[in-house]
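J.: One structure, pasted below without further comment.
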Protein chains: 2
Amino acid sequence: MRSLQVALLGCGVVGTQVVRLIQEQATELTARVGVPLELAGVAVRRPKRHPELPPGMVTDDPMELVSRPDVDVVIEVIGGIEPARSLIMTAFTAGKSVVTANKALLAEDGSNLHAAAREAGVDLYYEASVAGAIPLLRPLRESLAGDRLHRVMGIVNGTTNYILSRMDETGAGFSEALDEASALGYAEADPSADVDGFDAAAKAAILAGLAFHTRVTAADVYREGIANVTAADVASAKAMGCTVKLLAICERTSTVDGESVAVRVHPAMIPRTHPLAGVSDAYNAVFVEADAAGELMFYGRGAGGAPTASAVLGDLVAVARNRLAGTRGPGESAYADLRIQPMGETRTSYHVSMDVADRAGVLAAVANAFAVHEVSISTVRQEGRGEAASLVIVTHVAPDQALSATVEDLRGLDFVRAVTSVMRVEGERR
Amino acid sequence: MRSLQVALLGCGVVGTQVVRLIQEQATELTARVGVPLELAGVAVRRPKRHPELPPGMVTDDPMELVSRPDVDVVIEVIGGIEPARSLIMTAFTAGKSVVTANKALLAEDGSNLHAAAREAGVDLYYEASVAGAIPLLRPLRESLAGDRLHRVMGIVNGTTNYILSRMDETGAGFSEALDEASALGYAEADPSADVDGFDAAAKAAILAGLAFHTRVTAADVYREGIANVTAADVASAKAMGCTVKLLAICERTSTVDGESVAVRVHPAMIPRTHPLAGVSDAYNAVFVEADAAGELMFYGRGAGGAPTASAVLGDLVAVARNRLAGTRGPGESAYADLRIQPMGETRTSYHVSMDVADRAGVLAAVANAFAVHEVSISTVRQEGRGEAASLVIVTHVAPDQALSATVEDLRGLDFVRAVTSVMRVEGERR
């Protein structure tokens, strides 16, 4: 009985922990897989910076490493599109199975990767690409394979959740909270991938694809980041018993034209009683609604070296077992091939605050602006008098384009001095 | 390409939903598995009571059904030890894979079942046996297969959680809350399996076995039910910011003699800030602590026809895929073979309320009773004066036998009029 040889691409925050777990848990992993898992090589950009790795194991030539005949499984934790894609494709061609944490690549080019893995008869596993340590993709792909999912809604980006949690707790503005996150190492030097929602959108694409058996790419995901969330928005949310979260929402919707998938990432107000409202700081949680299973929630650490490495190792064990058994796990499932619904058609509900002139007929005129677009109003709150008069309106669900057109019209009304906050509201019983 | 034939044993609350899902989702299941899943037969005690099933499909001879050469997979949702065990064993001998929701059988005889499945080269899947719809066993067995678990702690019985939630909300006593649960159909006519903790203990045994790669049976689980939980206990918990939950706790512990597994089910006070404290009514949730992954929580419906059927169907799809691929999923993993720690050695912390005489030196004498057994006190609260004087003591963790010996001694002290509440405290940072 031989061992299985593992090649690691990248040895940063996650890779270092992957090496540690493979080494520290050697005995357990051998017992769980059936044969030893051995690190065959680690490809890094600057080998000299890794004195902790055994000499001879480190290389700066990842392409040579993934092609080596003795390698069975490749773990890719470099991230980004290239050279990760070429390396993974080469690994497949050379007959290696791949475990990756690369959400950007999966969300951009998942179908081609899956096709290449299928053709080569090898595995592509990527549990670590969404919500770090939280077992989420395997439950969606396997545990819920006999159920019909309606909705997957989650907090899948720790950086933005930390920033929004701080804004909620301290009343700070966005920039102040971002600075704090940066100082604590929760935000990258260039925070755009997190703050502008790109990271969450990639994860949403992966989740939607698995949940609805349809190919979804990052380009299919409607995306708004949190940079425009103000302290006033957060205060306004508080006043109505809500908190602001950056949500990734994947929904199956039915219209006369058949079924569609709507996938979006944007800040939203959710009631404080919703299970996702209590998920603070850098934690992630994903809420799943299924026909038979009902409501499920998965909660845990969404990022960080060790949690992400835990997910990588779980996949490594699965892929290794498959390899020994001469089989492969479930591949891409895109048979449903549902239409991607444009954001304008997606039914959401809006919270709108505006400063208005305190004069007779204002409320009627505002209500009319909603009625014109067939947007039904759920609640109206009027605050202050005179110069400080404001209106807070929460709508029922309506097509997003009708809501945004309404807000556009409100901005044009002369007695509306300013629309001070516009945000979607989610997580209420409909 | 042929179809896969499924035999169903039992058609009660869960079985009915299994039939519904197989029928309603036929197209989806075919796409997900690769070939159609067809119901070959349903074994029930009284065929005449099932006019909803196609005639010719129903039989009262389950043994004949599981032996039929055309059957590929057997779903067992009869429950209990016999005839379920004989039927499953016969199915294995006849080369069928089995999906079951039978926690009692798994917890009593899981190793023999696993051995028989292995020998026959078929699958034994049982996600539905613990926490209904919540994907939990697959994450433990597969997603976390590359991590080292320390602790699994959960609310895994909906009936007792409903009763305790009602006691907490209304101040009702146990009998009153049980009557309410019975009236609503949340408690069985004979509620002993739930109320006395047998159901939770079986699930704890299954969880501990998976988490710690060690054979654990229901007999290894220390078990206390909730029948002795009083309104006073619940009020006392409230006074210290806690709520009372029936917890299933599986822990890996290290002593000078090596590692052990401690598995227990008992009511406990947990801080209201703990994620499990908010899990109310018939919901289940399980908290997992792992070396690399950190803290994870899984939440959802723990019982009911449709949620349990969702878990059964997920297993059915997995088993069907394995069968088509000519492989089988991971079997029993018991290589670690850790010692089962007796409850007396398990380190817990106690909450003790007692009515005491209001005289000088009482606190000193009480403190001494703890000190004699080397139990360290965390907090003391003294309430009332004179005849109504009472002491509430919360200890630090200590071996359970030292704590129970302390309580025994307290009961013998002449100035302790009554020990009014004794309960373990869990979920605090240690």
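Ordered as shown in the structure tokens, chains take letters A, B, and onward, while each chain numbers its residues from 1 and ligands are numbered from 1 in the order shown.
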Set out as a Markdown table a contact list for chain A and chain B with a cut-off of 7 Å, giving each residue of chain A that qualifies its closest atom pair and distance in Å to one decimal, counting only C-alpha atoms, ordered by chain and rising residue number.
T.:
| residue | atom | partner | partner_atom | distance |
| --- | --- | --- | --- | --- |
| A:Leu29 | CA | B:Gly146 | CA | 6.7 |
| A:Ala31 | CA | B:Tyr335 | CA | 6.7 |
| A:Ala133 | CA | B:Ala293 | CA | 5.1 |
| A:Ile134 | CA | B:Leu296 | CA | 6.7 |
| A:Pro135 | CA | B:Ser143 | CA | 5.9 |
| A:Pro139 | CA | B:Pro135 | CA | 6.0 |
| A:Glu142 | CA | B:Gly314 | CA | 6.1 |
| A:Ser143 | CA | B:Gly314 | CA | 4.6 |
| A:Leu144 | CA | B:Gly314 | CA | 5.2 |
| A:Ala145 | CA | B:Gly314 | CA | 4.9 |
| A:Gly146 | CA | B:Leu313 | CA | 4.5 |
| A:Asp147 | CA | B:Ser310 | CA | 5.7 |
| A:Ala292 | CA | B:Ala306 | CA | 4.7 |
| A:Ala293 | CA | B:Pro307 | CA | 4.0 |
| A:Gly294 | CA | B:Pro307 | CA | 6.5 |
| A:Glu295 | CA | B:Gly300 | CA | 5.7 |
| A:Leu296 | CA | B:Gly300 | CA | 4.3 |
| A:Met297 | CA | B:Tyr299 | CA | 4.9 |
| A:Phe298 | CA | B:Phe298 | CA | 4.9 |
| A:Tyr299 | CA | B:Met297 | CA | 4.9 |
| A:Gly300 | CA | B:Leu296 | CA | 4.3 |
| A:Arg301 | CA | B:Gly294 | CA | 6.9 |
| A:Ala306 | CA | B:Ala292 | CA | 4.7 |
| A:Pro307 | CA | B:Ala293 | CA | 4.0 |
| A:Ser310 | CA | B:Ala293 | CA | 5.4 |
| A:Ala311 | CA | B:Ser143 | CA | 6.5 |
| A:Leu313 | CA | B:Gly146 | CA | 4.5 |
| A:Gly314 | CA | B:Gly146 | CA | 4.5 |
| A:Asp315 | CA | B:Ser143 | CA | 6.7 |
| A:Val317 | CA | B:Gly146 | CA | 6.3 |
| A:Ala318 | CA | B:Glu142 | CA | 6.7 |
| A:Tyr335 | CA | B:Ala31 | CA | 6.6 |
J.: Excluding stretch 176-186 of chain A and its own-chain neighbours fewer than 4 positions away, which residues fall within 7 Å of it when counting only C-alpha atoms? Please give them as a PyMOL selection string.
T.: chain A and resi 159+163+166-167+172
J.: Pick the closest to B:Val152 from B:Pro191, B:Gly79, B:Gly427, B:Pro342: which is it, counting only C-alpha atoms?
T.: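 Of all the options, B:Gly427 lies closest to B:Val152.
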J.: Could you pull out the strand (DSSP E) residues of stretch 13-260 of chain A, going by DSSP on the backbone, and write them as a PyMOL selection string?
T.: chain A and resi 37-43+58-59+73-76+97-100+124-125+149-155+222-223+242-255+258-260
J.: Those same residues, written as a compact mmCIF listing (two decimals), in the first residue's frame with C-alpha atoms?
T.:
# COMPACT_ATOMS: atom_id res chain seq x y z
CA LEU A 37 -0.84 11.63 2.80
CA GLU A 38 2.58 13.05 2.06
CA LEU A 39 3.56 16.54 1.02
CA ALA A 40 5.41 16.11 -2.26
CA GLY A 41 6.23 19.75 -2.82
CA VAL A 42 5.25 23.32 -2.12
CA ALA A 43 5.36 25.97 -4.85
CA VAL A 58 10.11 24.04 -1.92
CA THR A 59 10.06 25.12 -5.54
CA VAL A 73 -3.54 15.62 -5.57
CA VAL A 74 -2.91 19.35 -6.05
CA ILE A 75 -4.05 21.91 -3.47
CA GLU A 76 -4.32 25.41 -4.93
CA SER A 97 -7.34 15.75 -8.57
CA VAL A 98 -7.54 19.33 -7.33
CA VAL A 99 -8.66 20.94 -4.08
CA THR A 100 -8.96 24.70 -4.24
CA LEU A 124 -12.44 19.18 -8.32
CA TYR A 125 -13.38 20.04 -4.71
CA LEU A 149 -34.16 24.69 -2.46
CA HIS A 150 -35.94 28.03 -2.59
CA ARG A 151 -33.44 30.41 -1.16
CA VAL A 152 -29.89 30.68 0.14
CA MET A 153 -29.17 33.88 2.01
CA GLY A 154 -26.01 34.54 3.90
CA ILE A 155 -23.30 36.67 5.34
CA TYR A 222 -26.15 41.95 -9.12
CA ARG A 223 -23.66 43.64 -6.83
CA CYS A 242 -33.23 46.20 12.12
CA THR A 243 -29.51 45.95 11.55
CA VAL A 244 -27.59 46.40 8.29
CA LYS A 245 -25.79 43.40 6.79
CA LEU A 246 -24.14 42.75 3.44
CA LEU A 247 -26.18 39.81 2.18
CA ALA A 248 -25.60 37.33 -0.60
CA ILE A 249 -29.05 36.20 -1.75
CA CYS A 250 -29.74 33.38 -4.18
CA GLU A 251 -33.40 32.76 -4.97
CA ARG A 252 -35.47 30.57 -7.21
CA THR A 253 -38.41 32.54 -8.56
CA SER A 254 -41.42 31.55 -10.61
CA THR A 255 -43.08 33.72 -13.22
CA GLY A 258 -41.11 29.67 -15.96
CA GLU A 259 -38.50 29.49 -13.25
CA SER A 260 -35.53 31.79 -12.87
J.: Residues of stretch 78-327 of chain A in alpha helix (DSSP H) according to DSSP, as a PyMOL selection string?
T.: chain A and resi 84-93+103-120+137-138+158-170+174-183+192-195+198-212+231-239+305-325
